[in-house]
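Participant: For reference, this is run06.cif, and it has mmCIF, C-alpha atoms.
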```cif
data_target
#
loop_
_atom_site.label_atom_id
_atom_site.label_comp_id
_atom_site.auth_asym_id
_atom_site.auth_seq_id
_atom_site.Cartn_x
_atom_site.Cartn_y
_atom_site.Cartn_z
CA MET A 561 137.82 237.47 59.22
CA ILE A 562 140.59 234.99 59.92
CA GLY A 563 138.85 232.36 57.85
CA LEU A 564 138.57 234.67 54.85
CA ARG A 565 142.22 235.61 55.11
CA ALA A 566 143.23 231.96 55.30
CA LEU A 567 141.11 231.21 52.23
CA SER A 568 142.86 234.05 50.40
CA PHE A 569 146.28 232.58 51.17
CA LEU A 570 145.09 229.12 50.14
CA GLY A 571 143.88 230.63 46.88
CA ILE A 572 147.26 232.31 46.35
CA ALA A 573 149.08 229.02 47.01
CA PHE A 574 146.85 227.23 44.51
CA LEU A 575 147.34 229.92 41.86
CA LEU A 576 151.12 229.95 42.37
CA SER A 577 151.13 226.17 41.86
CA LEU A 578 148.98 226.59 38.73
CA GLU A 579 151.24 229.37 37.46
CA ASP A 580 154.29 227.16 37.90
CA ARG A 581 152.55 224.32 36.08
CA ILE A 582 151.40 226.32 33.07
CA SER A 583 154.86 227.89 32.79
CA THR A 584 156.24 224.45 31.90
CA PRO A 585 156.38 223.72 28.13
CA VAL A 586 154.19 220.94 26.76
CA CYS A 587 155.85 218.95 23.96
CA ASN A 588 154.43 216.40 21.56
CA ASN A 589 156.47 213.40 20.42
CA PRO A 590 159.25 213.75 23.03
CA VAL A 591 162.37 211.59 22.68
CA ALA A 592 164.66 210.73 25.58
CA GLU A 593 167.52 208.78 24.08
CA ALA A 594 171.08 208.46 25.26
CA ASP A 595 173.94 209.51 23.00
CA SER A 596 171.73 211.83 20.93
CA LEU A 597 172.12 215.54 20.26
CA LYS A 598 169.11 217.52 21.49
CA VAL A 599 168.75 221.03 20.03
CA MET A 600 166.28 223.67 21.19
CA MET A 601 165.20 225.79 18.20
CA VAL A 602 163.57 229.15 18.91
CA ALA A 603 162.77 232.11 16.67
CA ASP A 604 161.36 235.63 16.54
CA LEU A 605 162.00 236.71 20.13
CA LEU A 606 161.28 240.32 19.02
CA LEU A 607 163.03 241.94 21.96
CA LEU A 608 162.74 245.71 22.44
CA GLY A 609 165.78 246.37 24.62
CA SER A 610 165.82 249.85 26.13
CA GLU A 611 162.59 250.68 24.27
CA ALA A 612 160.65 248.07 26.23
CA GLY A 613 157.91 249.44 28.45
CA TYR A 614 157.10 248.58 32.06
CA ILE A 615 154.89 245.59 31.18
CA ASN A 616 157.56 244.11 28.90
CA ARG A 617 160.35 244.51 31.44
CA PHE A 618 158.55 243.30 34.56
CA PHE A 619 155.96 240.89 33.18
CA THR A 620 156.76 239.60 29.68
CA ASP A 621 160.53 239.29 30.15
CA HIS A 622 160.05 237.61 33.54
CA TYR A 623 157.85 234.90 32.10
CA MET A 624 159.88 234.42 28.92
CA SER A 625 162.96 233.93 31.09
CA LYS A 626 160.97 231.47 33.19
CA PHE A 627 159.92 229.61 30.02
CA PHE A 628 163.58 229.27 29.05
CA ARG A 629 164.53 228.06 32.53
CA LYS A 630 161.68 225.53 32.65
CA SER A 631 162.55 224.30 29.16
CA PHE A 632 166.16 223.86 30.17
CA GLU A 633 165.30 222.00 33.38
CA ASN A 634 162.74 219.67 31.81
CA LEU A 635 164.17 219.05 28.33
CA LYS A 636 167.93 219.37 29.00
CA PRO A 637 168.98 220.47 25.49
CA ASP A 638 172.61 220.31 24.39
CA LEU A 639 172.44 223.34 22.11
CA LEU A 640 170.30 226.47 21.66
CA ILE A 641 169.70 227.93 18.20
CA VAL A 642 167.86 231.22 17.57
CA LEU A 643 166.61 231.53 13.99
CA GLY A 644 166.63 235.30 13.60
CA ASP A 645 164.68 238.38 14.66
CA VAL A 646 166.16 238.53 18.12
CA SER A 647 165.23 242.22 17.94
CA ALA A 648 161.84 243.67 17.04
CA LYS A 649 163.34 246.86 15.58
CA GLY A 650 167.03 246.04 15.23
CA SER A 651 167.38 247.50 11.74
CA LYS A 652 166.41 250.93 13.11
CA LEU A 653 168.43 250.84 16.32
CA THR A 654 171.70 252.56 17.12
CA LYS A 655 174.59 250.42 18.32
CA THR A 656 173.91 251.50 21.91
CA LYS A 657 170.29 250.39 21.69
CA TRP A 658 171.35 247.16 19.99
CA LEU A 659 173.58 246.44 22.98
CA SER A 660 170.53 246.84 25.24
CA VAL A 661 168.72 244.21 23.12
CA LEU A 662 171.66 241.82 23.46
CA HIS A 663 171.77 242.46 27.21
CA GLN A 664 168.04 241.68 27.41
CA PHE A 665 168.59 238.52 25.36
CA TYR A 666 171.43 237.21 27.54
CA GLN A 667 169.41 237.89 30.68
CA MET A 668 166.46 235.99 29.25
CA VAL A 669 168.44 232.90 28.21
CA GLY A 670 170.33 232.75 31.50
CA PRO A 671 170.22 228.91 31.83
CA PHE A 672 171.85 228.58 28.40
CA VAL A 673 174.83 230.85 29.04
CA ASP A 674 177.10 227.86 29.69
CA LEU A 675 175.73 225.90 26.71
CA PRO A 676 176.78 226.36 23.09
CA PHE A 677 174.29 228.47 21.18
CA HIS A 678 174.03 230.02 17.75
CA ALA A 679 171.86 232.77 16.27
CA THR A 680 171.05 233.66 12.67
CA LEU A 681 170.06 237.11 11.40
CA GLY A 682 166.49 238.08 10.53
CA ASP A 683 164.95 240.88 8.49
CA ARG A 684 164.01 242.82 11.63
CA ASP A 685 167.61 242.52 12.84
CA ILE A 686 169.36 243.97 9.80
CA GLY A 687 166.74 245.60 7.53
CA GLU A 688 165.60 245.25 3.95
CA CYS A 689 167.67 245.49 0.79
CA SER A 690 167.09 249.17 0.13
CA ASP A 691 168.79 250.25 3.34
CA LEU A 692 170.97 247.24 4.19
CA ASN A 693 174.05 248.58 5.95
CA VAL A 694 177.02 246.26 5.44
CA SER A 695 179.10 247.69 8.27
CA LYS A 696 176.16 247.38 10.68
CA VAL A 697 175.61 243.75 9.65
CA ASN A 698 179.32 243.14 10.27
CA TRP A 699 179.02 244.73 13.72
CA ILE A 700 175.91 242.75 14.72
CA SER A 701 177.46 239.52 13.44
CA ARG A 702 180.50 240.02 15.65
CA LYS A 703 178.20 240.27 18.70
CA LEU A 704 176.63 236.87 18.06
CA PRO A 705 178.63 233.63 18.45
CA GLY A 706 179.73 231.71 15.38
CA LEU A 707 178.87 234.24 12.67
CA ASP A 708 181.30 235.61 10.10
CA ARG A 709 181.18 239.21 8.86
CA SER A 710 178.42 238.41 6.38
CA GLY A 711 176.18 236.83 9.01
CA CYS A 712 176.85 233.20 8.06
CA GLY A 713 178.31 230.39 10.12
CA ALA A 714 179.32 226.73 10.11
CA PHE A 715 180.03 224.45 13.05
CA VAL A 716 180.01 220.80 14.09
CA ILE A 717 178.73 219.36 17.38
CA GLY A 718 179.11 215.65 17.92
CA ASN A 719 178.57 214.09 14.52
CA VAL A 720 176.16 216.79 13.31
CA SER A 721 177.25 219.56 10.91
CA PHE A 722 175.38 222.86 10.83
CA VAL A 723 175.49 225.69 8.28
CA SER A 724 173.66 228.98 8.84
CA LEU A 725 173.10 231.53 6.08
CA ASN A 726 172.17 235.20 6.06
CA SER A 727 168.98 234.55 4.10
CA VAL A 728 167.97 238.23 4.09
CA ALA A 729 171.07 239.12 2.07
CA LEU A 730 170.07 236.55 -0.57
CA LEU A 731 167.11 238.79 -1.44
CA CYS A 732 169.42 241.66 -2.39
CA ASP A 733 170.72 241.32 -5.96
CA ASN A 734 173.29 244.11 -5.88
CA SER A 735 174.52 243.79 -2.31
CA SER A 736 178.09 242.74 -1.56
CA LEU A 737 176.62 240.74 1.32
CA ARG A 738 174.76 238.54 -1.16
CA PHE A 739 178.02 237.73 -2.93
CA ASP A 740 179.63 236.92 0.43
CA VAL A 741 176.77 234.53 1.29
CA GLU A 742 177.05 232.88 -2.14
CA LYS A 743 180.76 232.34 -1.50
CA VAL A 744 179.87 230.56 1.75
CA ILE A 745 177.40 228.33 -0.11
CA GLU A 746 180.00 227.49 -2.78
CA SER A 747 182.64 226.79 -0.15
CA GLU A 748 180.34 224.46 1.80
CA SER A 749 179.23 222.79 -1.43
CA LEU A 750 182.84 222.19 -2.45
CA GLU A 751 183.67 220.72 0.95
CA LEU A 752 180.64 218.42 0.71
CA ARG A 753 181.72 217.18 -2.72
CA GLU A 754 185.29 216.61 -1.55
CA LEU A 755 184.03 214.54 1.39
CA THR A 756 181.73 212.66 -0.97
CA ASP A 757 184.56 211.95 -3.42
CA ALA A 758 186.78 210.71 -0.58
CA ALA A 759 184.03 208.42 0.71
CA THR A 760 183.33 207.15 -2.80
CA THR A 761 187.01 206.40 -3.42
CA LYS A 762 187.34 204.59 -0.09
CA THR A 763 184.24 202.52 -0.79
CA ARG A 764 185.42 201.68 -4.31
CA ASN A 765 188.88 200.63 -3.12
CA HIS A 766 187.50 198.35 -0.41
CA SER A 767 184.59 196.97 -2.36
CA THR A 768 184.64 193.31 -3.38
CA HIS A 769 181.71 193.82 -5.73
CA SER A 770 181.54 194.80 -9.37
CA THR A 771 184.20 197.20 -10.62
CA ASP A 772 182.15 198.13 -13.64
CA ALA A 773 182.36 201.84 -14.50
CA ASN A 774 178.60 202.17 -14.40
CA TYR A 775 178.57 200.83 -10.83
CA ASN A 776 181.04 203.48 -9.73
CA PHE A 777 179.00 206.17 -11.43
CA PHE A 778 175.80 205.20 -9.64
CA LEU A 779 177.64 204.88 -6.33
CA ARG A 780 178.91 208.43 -6.68
CA GLU A 781 175.47 209.76 -7.58
CA SER A 782 173.86 208.04 -4.58
CA THR A 783 176.30 209.68 -2.16
CA LEU A 784 175.29 213.10 -3.52
CA SER A 785 171.62 212.49 -2.90
CA SER A 786 169.33 214.83 -1.01
CA GLY A 787 169.95 214.78 2.71
CA SER A 788 173.66 214.03 2.51
CA GLY A 789 174.68 217.56 3.47
CA PRO A 790 174.61 219.63 6.68
CA VAL A 791 171.71 220.85 8.79
CA LEU A 792 170.74 224.20 7.25
CA LEU A 793 169.68 227.16 9.41
CA LEU A 794 167.80 230.10 7.87
CA HIS A 795 165.50 232.89 8.93
CA LEU A 796 163.47 233.16 5.72
CA PRO A 797 161.94 229.87 4.50
CA LEU A 798 162.64 228.43 1.08
CA ASP A 799 160.12 228.79 -1.75
CA ARG A 800 157.36 226.19 -1.57
CA THR A 801 155.72 226.39 -4.98
CA ARG A 802 157.22 222.99 -5.84
CA THR A 803 156.70 221.32 -2.48
CA LYS A 804 154.33 218.89 -0.94
CA ARG A 805 153.40 218.69 2.69
CA PHE A 806 155.28 216.27 4.85
CA GLY A 807 153.19 213.15 5.44
CA GLY A 808 150.23 214.83 3.79
CA THR A 809 149.71 217.25 6.66
CA GLU A 810 151.01 220.52 7.96
CA SER A 811 151.11 219.73 11.64
CA PHE A 812 150.05 222.16 14.34
CA GLU A 813 149.26 224.94 11.86
CA ARG A 814 146.67 226.99 13.73
CA SER A 815 143.93 228.38 11.53
CA SER A 816 143.68 231.65 13.44
CA SER A 817 147.41 232.32 13.09
CA SER A 818 147.30 231.36 9.39
CA PHE A 819 144.48 233.83 8.86
CA ILE A 820 146.50 236.60 10.49
CA GLU A 821 149.50 235.71 8.32
CA ARG A 822 147.50 235.88 5.09
CA LEU A 823 146.26 239.33 5.98
CA ASN A 824 149.77 240.30 7.10
CA VAL A 825 148.36 242.08 10.12
CA VAL A 826 149.32 242.03 13.76
CA PRO A 827 146.70 241.75 16.54
CA LYS A 828 145.90 245.10 18.14
CA ASN A 829 147.77 244.27 21.35
CA ARG A 830 150.89 243.50 19.33
CA GLU A 831 151.13 246.72 17.31
CA LEU A 832 154.18 247.75 19.32
CA VAL A 833 156.45 245.61 17.15
CA GLY A 834 154.61 246.16 13.85
CA THR A 835 154.31 243.79 10.93
CA GLY A 836 157.97 243.63 9.95
CA LEU A 837 159.79 244.56 6.77
CA TYR A 838 158.68 241.50 4.80
CA ASN A 839 155.20 240.03 5.12
CA LEU A 840 154.82 236.76 6.97
CA LEU A 841 154.39 234.71 3.80
CA HIS A 842 157.66 235.97 2.31
CA THR A 843 160.15 233.30 1.21
CA LEU A 844 163.42 233.14 -0.65
CA PRO A 845 162.92 233.23 -4.45
CA LEU A 846 162.45 229.92 -6.28
CA ASN A 847 165.79 230.11 -8.11
CA VAL A 848 167.68 230.84 -4.85
CA SER A 849 165.84 228.03 -3.06
CA GLU A 850 166.70 225.50 -5.78
CA TYR A 851 170.32 226.68 -5.83
CA ILE A 852 170.62 226.11 -2.05
CA LEU A 853 169.00 222.67 -2.25
CA GLN A 854 171.26 221.56 -5.10
CA ALA A 855 174.47 223.01 -3.69
CA LEU A 856 174.15 221.97 -0.05
CA ARG A 857 171.89 218.88 -0.16
CA PRO A 858 170.69 219.70 3.39
CA ARG A 859 170.01 216.92 5.84
CA ILE A 860 167.11 219.02 7.14
CA ILE A 861 166.27 222.74 7.08
CA PHE A 862 165.12 224.89 9.97
CA SER A 863 163.68 228.33 9.22
CA ALA A 864 161.37 230.86 10.86
CA HIS A 865 159.69 234.21 10.03
CA ARG A 866 156.09 232.94 9.74
CA TYR A 867 155.41 232.80 13.51
CA THR A 868 153.66 229.40 13.19
CA PHE A 869 154.97 225.83 13.17
CA SER A 870 154.89 223.83 9.95
CA ASP A 871 156.57 220.75 8.49
CA HIS A 872 157.22 220.47 4.74
CA VAL A 873 158.98 218.26 2.25
CA HIS A 874 160.46 219.92 -0.84
CA PHE A 875 160.38 218.49 -4.36
CA ASP A 876 163.73 216.75 -3.75
CA LYS A 877 162.43 215.23 -0.48
CA THR A 878 164.35 217.64 1.74
CA ARG A 879 162.41 218.30 4.92
CA GLU A 880 161.97 221.88 6.18
CA ILE A 881 160.69 222.79 9.64
CA ILE A 882 159.39 226.30 10.26
CA VAL A 883 159.95 227.16 13.92
CA PRO A 884 157.17 229.20 15.60
CA ALA A 885 157.70 232.54 17.27
CA MET A 886 158.69 232.40 20.93
CA SER A 887 157.26 235.77 21.80
CA TRP A 888 153.97 237.17 23.03
CA ASN A 889 154.80 240.15 20.84
CA ALA A 890 154.10 237.87 17.86
CA ARG A 891 151.33 235.55 19.08
CA ASP A 892 149.28 234.71 22.17
CA ASP A 893 150.53 231.10 22.19
CA PRO A 894 154.31 231.04 21.57
CA GLY A 895 156.27 227.86 21.04
CA PHE A 896 159.54 226.30 19.95
CA VAL A 897 160.94 223.07 18.53
CA ILE A 898 163.17 220.35 19.97
CA ALA A 899 165.18 218.53 17.29
CA THR A 900 166.83 215.27 18.33
CA PHE A 901 169.67 213.96 16.16
CA GLN A 902 170.39 210.28 16.67
CA LYS A 903 173.97 209.06 17.11
CA THR A 904 173.56 206.69 14.18
CA GLY A 905 171.57 207.30 11.01
CA ARG A 906 170.36 210.62 9.64
CA ASP A 907 166.81 210.68 10.93
CA VAL A 908 165.79 213.70 13.00
CA ASN A 909 162.99 213.58 15.55
CA ILE A 910 160.96 216.79 15.71
CA SER A 911 159.00 217.74 18.81
CA TYR A 912 156.76 220.81 18.84
CA CYS A 913 156.57 222.50 22.25
CA SER A 914 153.86 224.96 23.20
CA LEU A 915 154.01 227.58 25.94
CA ALA A 916 151.27 229.17 28.00
CA ARG A 917 149.08 231.78 26.36
CA GLU A 918 149.71 235.32 27.52
CA SER A 919 146.01 235.68 28.31
CA HIS A 920 146.09 232.63 30.62
CA ILE A 921 149.20 233.79 32.46
CA LEU A 922 147.73 237.28 32.82
CA VAL A 923 144.53 235.94 34.38
CA VAL A 924 146.50 233.91 36.94
CA TYR A 925 148.86 236.82 37.65
CA VAL A 926 146.03 239.31 38.21
CA SER A 927 144.17 236.81 40.40
CA ILE A 928 147.23 236.36 42.62
CA VAL A 929 147.59 240.13 43.01
CA VAL A 930 143.89 240.57 43.85
CA LEU A 931 143.91 237.77 46.43
CA PHE A 932 147.10 239.13 48.00
CA CYS A 933 145.54 242.59 48.31
CA LEU A 934 142.41 241.10 49.87
CA ALA A 935 144.49 239.12 52.36
CA CYS A 936 146.38 242.27 53.37
CA LEU A 937 143.17 244.25 53.78
CA LYS A 938 141.62 241.55 55.97
CA GLY A 939 144.80 241.44 58.04
#
```
As structure tokens, please, write out the structure in this file.
Facilitator:
Amino acid sequence: MIGLRALSFLGIAFLLSLEDRISTPVCNNPVAEADSLKVMMVADLLLLGSEAGYINRFFTDHYMSKFFRKSFENLKPDLLIVLGDVSAKGSKLTKTKWLSVLHQFYQMVGPFVDLPFHATLGDRDIGECSDLNVSKVNWISRKLPGLDRSGCGAFVIGNVSFVSLNSVALLCDNSSLRFDVEKVIESESLELRELTDAATTKTRNHSTHSTDANYNFFLRESTLSSGSGPVLLLHLPLDRTRTKRFGGTESFERSSSSFIERLNVVPKNRELVGTGLYNLLHTLPLNVSEYILQALRPRIIFSAHRYTFSDHVHFDKTREIIVPAMSWNARDDPGFVIATFQKTGRDVNISYCSLARESHILVVYVSIVVLFCLACLKG
């Protein structure tokens, strides 16, 4: 009897060690470099707030919070960015229920409370064009750091400039929010051109090379090239009908997840959050995408919405990273991205990080409970 009880406790100790190990994120292509800015990019948390059931509150939330803590301890990011869809049903929630979602979010990202973080708005957060409520968008935006009334934001950390746009509003032709977002784009574009003109003038005045007019023209054009602008943050990806895949591949795109996306269905155990207002393959229109690329000349783009990781290069050689969902409500194997911005140069290192499958964690969790019950019975 004593031997069986001891074996049960040994089994529990082993499973607890295994549980701790598989709760640690596994990242490809990690970079540990001094004087760099390390940003943790997550998306599609799909939180339910006060509508969350027992399993979500005491199992899912516990492990998601643990994932955040482990990520913070092991990767030590300088900034957290959430690329929309913090809420699973935010567009249908009252303000009181939205506050419960925000409370759930802040509890989950506990280790990041003292770090700067930024969140964009997703289609689940604010709704589709037909019922987009401007005052509600204003209210939600005020509850998230760094957003203006239209759900856009701009900030600088270190030597890296970020611009976030309310991409959902850009789908809505007759919405005042769309006009507000376009004003933000024009303002950022103007600032970029003014900085470019200043740099061009400074270079021209200090140059000892040719002063030919054609030289100055080409110098100015080169400083307005793709990649000279800010880091762009979106929820909805840009149109990809004119793109090619980065490096000839679309890294870490899981065939099973892609199949689910194409059917625009959600696995049976994820029906609680539904399929969303826009299907998973939805993007910004081609004309809007080209307008953004031309106006902002993004250094790199981070977007979400599709639940899976992918890495693209647009026709103008602008790179776009789609950040996977960090939620078991979206997929069995959630993940996130670590983007490392070097102190010098404009290259960005991208590391894809995977988290434990819900099914694996559940097996370990149930095994611990069973062994604990057996140990108590034998006692």
Participant: Considering all atoms listed in the file, state which residue in the set A:Ile860, A:Cys732, A:Val897, A:Cys587 is at the smallest distance from His872 of chain A.
Facilitator: A:Ile860
Participant: Kindly extract all protein, DNA and RNA residues lying within 12 Å of the coordinates (165.5, 243.3, 6.4) given in the file, considering only C-alpha atoms, and supply them as a PyMOL selection string.
Facilitator: chain A and resi 644-645+647-652+681-694+697+726-732+795-796+836-839+842+865
Participant: Please provide as an MDAnalysis selection string all residues within 7 Å of Leu844 of chain A, with the sequence filter that same-chain residues fewer than 4 positions apart are discarded (counting all atoms listed in the file).
Facilitator: chainID A and resid 731 796:799 848:849
Participant: Report as a VMD selection string the full result of the PyMOL selection byres ((chain A and resi 882) around 7) when it is applied to this structure.
Facilitator: chain A and resid 862 to 864 869 to 871 880 to 881 883 to 884
Participant: Output C-alpha atoms for every residue in the selection just made, as a short mmCIF file (atom, residue, chain, number, x, y, z; two decimals), in the frame of the given file.
Facilitator:
```cif
data_model
loop_
_atom_site.label_atom_id
_atom_site.label_comp_id
_atom_site.auth_asym_id
_atom_site.auth_seq_id
_atom_site.Cartn_x
_atom_site.Cartn_y
_atom_site.Cartn_z
CA PHE A 862 165.12 224.89 9.97
CA SER A 863 163.68 228.33 9.22
CA ALA A 864 161.37 230.86 10.86
CA PHE A 869 154.97 225.83 13.17
CA SER A 870 154.89 223.83 9.95
CA ASP A 871 156.57 220.75 8.49
CA GLU A 880 161.97 221.88 6.18
CA ILE A 881 160.69 222.79 9.64
CA VAL A 883 159.95 227.16 13.92
CA PRO A 884 157.17 229.20 15.60
#
```
Participant: So that I can check the surroundings of Lys903 of chain A, please list as JSON, numbers by chain every protein, DNA and RNA residue that reaches within 12 Å of it, counting all atoms listed in the file and ignoring chain neighbours fewer than 4 positions away.
Facilitator: {"A": [593, 594, 595, 596, 597, 598, 717, 718, 719, 720, 907, 908, 909]}
Participant: For Val716 of chain A, which residue out of A:Asp876, A:Pro790, A:Leu840, A:Cys936 is the nearest one, using only C-alpha atoms?
Facilitator: A:Pro790
Participant: Calculate how many Å separate atom CA of Phe627 of chain A from atom CA of Leu725 of chain A, rounding to one decimal.
Facilitator: 27.4 Å
Participant: Hey, can you check how far atom CA of Ser735 of chain A sits from atom CA of Cys712 of chain A?
Facilitator: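 We find that atom CA of Ser735 of chain A and atom CA of Cys712 of chain A lie 15.0 Å from each other.
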Participant: Excluding Tyr912 of chain A and residues on its chain fewer than 5 positions from it, collect all residues at most 12 Å away from it, counting all atoms listed in the file, and give them as a PDB file with C-alpha atoms, keeping the file's coordinate frame.
Facilitator:
```pdb
ATOM      1  CA  PRO A 585     156.380 223.720  28.130  1.00  0.00           C
ATOM      2  CA  VAL A 586     154.190 220.940  26.760  1.00  0.00           C
ATOM      3  CA  CYS A 587     155.850 218.950  23.960  1.00  0.00           C
ATOM      4  CA  ASN A 588     154.430 216.400  21.560  1.00  0.00           C
ATOM      5  CA  ASN A 589     156.470 213.400  20.420  1.00  0.00           C
ATOM      6  CA  PRO A 590     159.250 213.750  23.030  1.00  0.00           C
ATOM      7  CA  VAL A 591     162.370 211.590  22.680  1.00  0.00           C
ATOM      8  CA  MET A 600     166.280 223.670  21.190  1.00  0.00           C
ATOM      9  CA  MET A 601     165.200 225.790  18.200  1.00  0.00           C
ATOM     10  CA  VAL A 602     163.570 229.150  18.910  1.00  0.00           C
ATOM     11  CA  SER A 811     151.110 219.730  11.640  1.00  0.00           C
ATOM     12  CA  PHE A 812     150.050 222.160  14.340  1.00  0.00           C
ATOM     13  CA  GLU A 813     149.260 224.940  11.860  1.00  0.00           C
ATOM     14  CA  THR A 868     153.660 229.400  13.190  1.00  0.00           C
ATOM     15  CA  PHE A 869     154.970 225.830  13.170  1.00  0.00           C
ATOM     16  CA  SER A 870     154.890 223.830   9.950  1.00  0.00           C
ATOM     17  CA  ASP A 871     156.570 220.750   8.490  1.00  0.00           C
ATOM     18  CA  ILE A 881     160.690 222.790   9.640  1.00  0.00           C
ATOM     19  CA  ILE A 882     159.390 226.300  10.260  1.00  0.00           C
ATOM     20  CA  VAL A 883     159.950 227.160  13.920  1.00  0.00           C
ATOM     21  CA  PRO A 884     157.170 229.200  15.600  1.00  0.00           C
ATOM     22  CA  ALA A 885     157.700 232.540  17.270  1.00  0.00           C
ATOM     23  CA  MET A 886     158.690 232.400  20.930  1.00  0.00           C
ATOM     24  CA  PRO A 894     154.310 231.040  21.570  1.00  0.00           C
ATOM     25  CA  GLY A 895     156.270 227.860  21.040  1.00  0.00           C
ATOM     26  CA  PHE A 896     159.540 226.300  19.950  1.00  0.00           C
ATOM     27  CA  VAL A 897     160.940 223.070  18.530  1.00  0.00           C
ATOM     28  CA  ILE A 898     163.170 220.350  19.970  1.00  0.00           C
ATOM     29  CA  ALA A 899     165.180 218.530  17.290  1.00  0.00           C
ATOM     30  CA  THR A 900     166.830 215.270  18.330  1.00  0.00           C
TER      31      THR A 900
END
```
Participant: Can you work out which one of A:Leu606, A:Val923, A:Cys913, A:Leu653 has the shortest atom-to-atom distance to Asn634 of chain A, counting all atoms listed in the file?
Facilitator: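 Of A:Leu606, A:Val923, A:Cys913, A:Leu653, the one nearest Asn634 of chain A, counting all atoms listed in the file, is A:Cys913.
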Participant: Give as a ChimeraX atom specification the residues that the PyMOL selection byres ((chain A and resi 748) around 10) matches when applied to the coordinates above.
Facilitator: /A:714,723,742-747,749-754,789-790,855-856
Participant: Running the PyMOL selection byres ((chain A and resi 666-668) around 8) on this model by hand, what would come out? Give it as number ranges by chain.
Facilitator: A: 621-622, 624-625, 628, 662-665, 669-670, 673
